[in-house]
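Heads up, entry04.txt below (compact mmCIF, C-alpha atoms):
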# COMPACT_ATOMS: atom_id res chain seq x y z
CA MET A 1 59.50 158.24 89.38
CA LYS A 2 61.03 155.36 87.46
CA ILE A 3 63.82 156.46 85.16
CA ARG A 4 65.37 154.15 82.55
CA TYR A 5 68.52 154.57 80.50
CA PHE A 6 69.63 152.91 77.26
CA ALA A 7 72.81 152.47 75.17
CA TRP A 8 75.60 154.94 76.00
CA VAL A 9 73.38 156.94 78.35
CA ARG A 10 73.02 153.73 80.41
CA GLU A 11 76.75 153.05 80.26
CA ARG A 12 77.71 156.59 81.31
CA ILE A 13 75.28 156.69 84.22
CA GLY A 14 76.23 153.16 85.24
CA ARG A 15 72.75 151.69 85.65
CA ALA A 16 69.80 150.67 83.50
CA GLU A 17 67.07 152.08 85.74
CA GLU A 18 66.37 153.70 89.08
CA GLU A 19 63.60 155.18 91.22
CA ILE A 20 64.12 158.86 91.99
CA ALA A 21 62.03 161.10 94.23
CA LEU A 22 61.66 164.33 92.29
CA PRO A 23 61.31 167.79 93.83
CA ASP A 24 57.97 169.49 93.08
CA GLU A 25 59.61 172.10 90.88
CA VAL A 26 60.69 169.45 88.35
CA ARG A 27 57.79 169.55 85.89
CA THR A 28 59.17 168.90 82.41
CA VAL A 29 61.64 166.57 80.73
CA ALA A 30 64.11 169.47 80.41
CA GLY A 31 63.64 170.20 84.13
CA LEU A 32 64.30 166.56 84.93
CA VAL A 33 67.52 166.61 82.88
CA SER A 34 68.69 169.74 84.75
CA PHE A 35 67.88 168.05 88.07
CA LEU A 36 69.68 164.81 87.12
CA LYS A 37 72.79 166.79 86.11
CA THR A 38 73.09 167.92 89.74
CA GLN A 39 73.11 164.30 90.96
CA GLY A 40 76.72 163.47 90.12
CA PRO A 41 79.46 163.62 87.51
CA GLU A 42 78.17 160.50 85.73
CA TYR A 43 74.88 162.31 85.02
CA GLU A 44 76.72 165.45 83.91
CA THR A 45 78.72 163.32 81.46
CA ALA A 46 75.65 161.50 80.13
CA PHE A 47 73.71 164.73 79.54
CA ALA A 48 76.71 166.91 78.62
CA ARG A 49 75.82 167.51 74.98
CA GLU A 50 72.79 169.78 75.00
CA GLY A 51 69.81 168.37 73.13
CA VAL A 52 71.45 165.10 72.05
CA VAL A 53 69.79 162.71 74.51
CA ARG A 54 66.21 161.81 73.58
CA ALA A 55 63.37 161.06 75.98
CA ALA A 56 60.24 158.92 76.06
CA ILE A 57 57.39 159.16 78.55
CA ASP A 58 55.62 155.83 79.04
CA ARG A 59 57.21 154.53 75.79
CA VAL A 60 56.24 157.47 73.59
CA HIS A 61 58.83 159.92 72.18
CA VAL A 62 58.53 163.40 73.72
CA LYS A 63 60.18 166.83 73.39
CA PRO A 64 62.10 168.50 76.23
CA ASP A 65 59.11 170.72 77.11
CA ALA A 66 56.84 167.70 77.75
CA VAL A 67 55.17 167.73 81.16
CA ILE A 68 56.07 164.72 83.29
CA SER A 69 53.48 164.98 86.08
CA SER A 70 51.40 161.92 85.13
CA ALA A 71 54.29 159.80 83.83
CA LYS A 72 54.88 156.32 85.22
CA GLU A 73 58.23 155.92 83.53
CA ILE A 74 60.67 158.21 81.73
CA ALA A 75 63.40 156.82 79.50
CA PHE A 76 66.53 158.56 78.22
CA PHE A 77 68.56 157.32 75.25
CA PRO A 78 70.80 158.45 72.37
CA PRO A 79 69.39 159.07 68.86
CA MET A 80 68.28 155.72 67.42
CA THR A 81 70.55 153.73 65.09
CA GLY A 82 68.49 150.65 64.23
CA GLY A 83 67.48 149.34 60.85
CA MET B 1 49.99 142.38 64.50
CA ALA B 2 52.65 142.00 61.84
CA VAL B 3 55.60 143.22 63.87
CA ARG B 4 58.19 140.82 65.28
CA LEU B 5 61.26 141.30 67.42
CA GLN B 6 63.57 138.35 67.75
CA THR B 7 67.13 137.23 68.37
CA GLU B 8 66.89 134.37 65.86
CA ARG B 9 67.84 134.64 62.21
CA PHE B 10 65.09 134.86 59.59
CA GLU B 11 64.79 133.95 55.92
CA THR B 12 63.43 136.70 53.67
CA GLY B 13 62.22 134.28 50.99
CA ALA B 14 60.39 132.08 53.46
CA GLU B 15 58.69 135.10 55.04
CA ILE B 16 57.45 136.35 51.63
CA VAL B 17 56.17 132.89 50.69
CA ARG B 18 54.33 132.61 54.01
CA LEU B 19 52.69 136.02 53.51
CA THR B 20 51.61 135.45 49.90
CA SER B 21 50.75 131.77 50.01
CA GLY B 22 47.11 131.04 49.19
CA ARG B 23 46.37 134.64 48.20
CA THR B 24 45.26 135.68 44.72
CA ASP B 25 44.80 139.40 45.35
CA VAL B 26 48.50 140.30 45.71
CA GLY B 27 50.07 141.88 42.65
CA ALA B 28 53.21 143.20 44.30
CA ALA B 29 55.41 141.97 47.12
CA VAL B 30 58.28 144.33 47.94
CA SER B 31 60.88 143.40 50.53
CA PHE B 32 63.87 145.10 52.07
CA THR B 33 66.42 143.11 54.06
CA GLY B 34 69.03 145.00 56.07
CA LEU B 35 72.26 143.06 56.67
CA CYS B 36 75.18 143.44 59.07
CA ARG B 37 78.29 144.49 57.08
CA ALA B 38 81.87 143.67 58.11
CA ASP B 39 82.75 147.16 56.91
CA GLY B 40 80.88 148.85 59.76
CA GLU B 41 80.38 152.52 60.60
CA THR B 42 83.42 152.56 62.90
CA GLY B 43 85.79 150.30 60.93
CA THR B 44 86.08 146.60 60.23
CA ILE B 45 83.87 144.85 62.75
CA SER B 46 83.74 141.34 64.14
CA ALA B 47 80.25 141.66 65.63
CA MET B 48 77.52 144.08 66.58
CA GLU B 49 75.42 144.29 69.73
CA LEU B 50 71.94 145.55 68.95
CA GLU B 51 70.27 146.98 72.05
CA HIS B 52 66.55 147.74 72.11
CA PHE B 53 63.92 149.18 74.45
CA PRO B 54 61.63 146.19 75.08
CA GLY B 55 57.98 147.16 74.76
CA MET B 56 58.60 150.54 73.19
CA ALA B 57 60.32 148.99 70.17
CA GLU B 58 57.26 146.82 69.39
CA GLU B 59 54.91 149.74 69.98
CA GLU B 60 56.90 152.10 67.77
CA LEU B 61 57.06 149.56 64.92
CA SER B 62 53.32 148.95 65.28
CA ARG B 63 52.70 152.70 65.05
CA LEU B 64 54.71 152.76 61.80
CA GLU B 65 52.80 149.78 60.47
CA ALA B 66 49.50 151.54 61.20
CA GLU B 67 50.71 154.73 59.52
CA ALA B 68 51.85 152.83 56.42
CA ARG B 69 48.48 151.04 56.18
CA LYS B 70 46.70 154.39 56.44
CA ARG B 71 48.80 156.05 53.73
CA TRP B 72 48.93 153.23 51.15
CA PRO B 73 46.43 150.53 50.09
CA LEU B 74 48.41 147.63 51.53
CA LEU B 75 47.12 144.08 51.60
CA ASP B 76 49.62 143.13 54.28
CA ILE B 77 52.85 144.28 55.89
CA LEU B 78 55.50 142.57 57.98
CA ILE B 79 58.29 144.17 59.98
CA VAL B 80 60.91 141.93 61.63
CA HIS B 81 63.79 143.43 63.64
CA ARG B 82 66.47 141.43 65.40
CA TYR B 83 68.27 142.38 68.60
CA GLY B 84 71.20 140.95 70.53
CA ARG B 85 74.57 139.96 69.11
CA LEU B 86 74.87 139.84 65.32
CA VAL B 87 77.85 139.01 63.13
CA PRO B 88 78.64 140.22 59.59
CA GLY B 89 76.35 138.51 57.09
CA ASP B 90 73.48 138.32 59.59
CA GLU B 91 70.09 139.80 58.78
CA ILE B 92 69.13 142.81 60.94
CA VAL B 93 65.76 143.96 59.67
CA LEU B 94 63.07 142.90 57.20
CA VAL B 95 60.19 144.91 55.78
CA VAL B 96 57.72 143.22 53.43
CA THR B 97 54.79 145.08 51.90
CA LEU B 98 52.02 143.54 49.81
CA SER B 99 49.66 145.46 47.55
CA ALA B 100 47.70 145.03 44.33
CA HIS B 101 50.14 147.27 42.43
CA ARG B 102 53.85 147.86 42.86
CA GLN B 103 54.01 151.60 43.56
CA ALA B 104 52.19 151.39 46.89
CA ALA B 105 54.34 148.45 47.99
CA PHE B 106 57.60 150.20 47.02
CA GLU B 107 56.67 153.50 48.65
CA ALA B 108 55.34 151.96 51.85
CA ALA B 109 58.47 149.81 52.33
CA ASN B 110 60.67 152.84 51.71
CA PHE B 111 58.67 154.93 54.17
CA VAL B 112 58.77 152.26 56.89
CA MET B 113 62.57 151.93 56.62
CA ASP B 114 63.15 155.71 56.68
CA ALA B 115 60.82 156.16 59.64
CA LEU B 116 62.13 153.12 61.52
CA LYS B 117 65.70 154.44 61.41
CA THR B 118 64.84 157.58 63.35
CA SER B 119 62.03 156.45 65.65
CA ALA B 120 62.39 152.77 66.59
CA PRO B 121 64.42 152.47 69.81
CA PHE B 122 67.37 150.35 68.69
CA TRP B 123 71.06 151.18 69.15
CA LYS B 124 74.09 149.54 67.52
CA LYS B 125 77.38 148.94 69.28
CA GLU B 126 80.14 147.68 66.99
CA GLU B 127 82.92 145.35 68.13
CA ARG B 128 86.35 145.72 66.47
CA ALA B 129 89.77 144.23 67.19
CA ASP B 130 90.72 147.48 68.98
CA GLY B 131 87.57 147.98 71.03
CA THR B 132 83.87 148.80 70.84
CA SER B 133 81.97 151.94 69.79
CA TRP B 134 78.35 153.01 69.61
CA VAL B 135 77.22 153.89 66.11
CA GLU B 136 76.21 157.55 65.85
CA ALA B 137 72.93 158.56 64.27
CA LYS B 138 73.27 160.24 60.86
CA ASP B 139 71.74 163.59 59.91
CA SER B 140 70.92 162.03 56.52
CA ASP B 141 68.57 159.59 58.28
CA GLU B 142 66.66 162.52 59.78
CA ARG B 143 66.40 164.18 56.35
CA ALA B 144 65.22 160.91 54.80
CA ARG B 145 62.49 160.68 57.45
CA ASN B 146 61.35 164.25 56.90
CA ARG B 147 60.64 163.80 53.20
CA TRP B 148 57.53 161.71 53.92

Please express what this file holds, its structure, as structure tokens.
Amino acid sequence: MKIRYFAWVRERIGRAEEEIALPDEVRTVAGLVSFLKTQGPEYETAFAREGVVRAAIDRVHVKPDAVISSAKEIAFFPPMTGG
Amino acid sequence: MAVRLQTERFETGAEIVRLTSGRTDVGAAVSFTGLCRADGETGTISAMELEHFPGMAEEELSRLEAEARKRWPLLDILIVHRYGRLVPGDEIVLVVTLSAHRQAAFEAANFVMDALKTSAPFWKKEERADGTSWVEAKDSDERARNRW
């Protein structure tokens, strides 16, 4: 699974994207966040504030309960501040 | 598709002239130009780095354009958003809406800006003399989005 990070999520994790082999039990965005938080302190820091980090599956905004099984790419980022 | 992402500056007046030139059906052209202020969200700033999610940013703005066209009788709409390094005085974003009458053009431009703030994947990092900080999203932006 290709995972991408933007803005301060990218800075805290220390990379813009990576390929991660996910265990079968990781089925939703929330499950993926829980799994990533076990991968190191940089992930724990990035996802520390519950519910702050947003997600997109294949470039479409999704909620934490979204199923990720058919996703090509999942992106994590802070709330948007454009405009 | 009337959505553009670019690093270059743009001229609001020139964009409106280009959109309306040769047309006789336009009764209202409303534009909003967002500018980079020196008095930033985190203090006095020297510059701002505007990060975006390539691909998703265009798609999200196109979705907003389609929604605006569905909700109001627009003759045309243009959304331009810059990314990269901007300095105070620089343009950040432009929304132009054209319609036969002003109310649709005003409302559609207002809607696009409110929706863009909370859904288009752009993030601002401000540069000050004492360091850099990411701009935090405002709850008021979420409330503004929800009124539509």

- Query: If we count only C-alpha atoms, which residues of chain B reach to within 8 Å of chain A? Please list them as a ChimeraX atom specification.
  - Reply: /B:34,50-53,55-56,59-60,81,92-93,113,116-124,134-137

- Task: Just the residues within 9 Å of stretch 63-67 of chain A, please, counting all atoms listed in the file, with nothing from its chain fewer than 5 positions along; format it as a PyMOL selection string.
- Result: chain A and resi 27-31+33+51+54-57

Padding of 6 Å on every side, edges along x, y and z, all listed atoms of stretch 37-44 of chain B included: what centre and edge lengths in Å, to one decimal, does that box have, as AutoDock Vina command-line options?
--center_x 82.2 --center_y 148.1 --center_z 59.9 --size_x 19.8 --size_y 20.9 --size_z 18.0

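Atom CA of B:Phe106 is found 8.5 Å from atom CA of B:Ala29.
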
- Show which residues sit within 10 Å of B:Leu78, as a PyMOL selection string. Count all atoms listed in the file, and ignore same-chain residues fewer than 2 positions away. chain B and resi 1-4+15-16+19+31+61-62+65+76+80+94-98+109

File dump, residues just selected, C-alpha atoms, as an mmCIF file, keeping the file's coordinate frame:
data_model
loop_
_atom_site.group_PDB
_atom_site.id
_atom_site.type_symbol
_atom_site.label_atom_id
_atom_site.label_comp_id
_atom_site.auth_asym_id
_atom_site.auth_seq_id
_atom_site.Cartn_x
_atom_site.Cartn_y
_atom_site.Cartn_z
ATOM 1 C CA MET B 1 49.990 142.380 64.500
ATOM 2 C CA ALA B 2 52.650 142.000 61.840
ATOM 3 C CA VAL B 3 55.600 143.220 63.870
ATOM 4 C CA ARG B 4 58.190 140.820 65.280
ATOM 5 C CA GLU B 15 58.690 135.100 55.040
ATOM 6 C CA ILE B 16 57.450 136.350 51.630
ATOM 7 C CA LEU B 19 52.690 136.020 53.510
ATOM 8 C CA SER B 31 60.880 143.400 50.530
ATOM 9 C CA LEU B 61 57.060 149.560 64.920
ATOM 10 C CA SER B 62 53.320 148.950 65.280
ATOM 11 C CA GLU B 65 52.800 149.780 60.470
ATOM 12 C CA ASP B 76 49.620 143.130 54.280
ATOM 13 C CA VAL B 80 60.910 141.930 61.630
ATOM 14 C CA LEU B 94 63.070 142.900 57.200
ATOM 15 C CA VAL B 95 60.190 144.910 55.780
ATOM 16 C CA VAL B 96 57.720 143.220 53.430
ATOM 17 C CA THR B 97 54.790 145.080 51.900
ATOM 18 C CA LEU B 98 52.020 143.540 49.810
ATOM 19 C CA ALA B 109 58.470 149.810 52.330
#
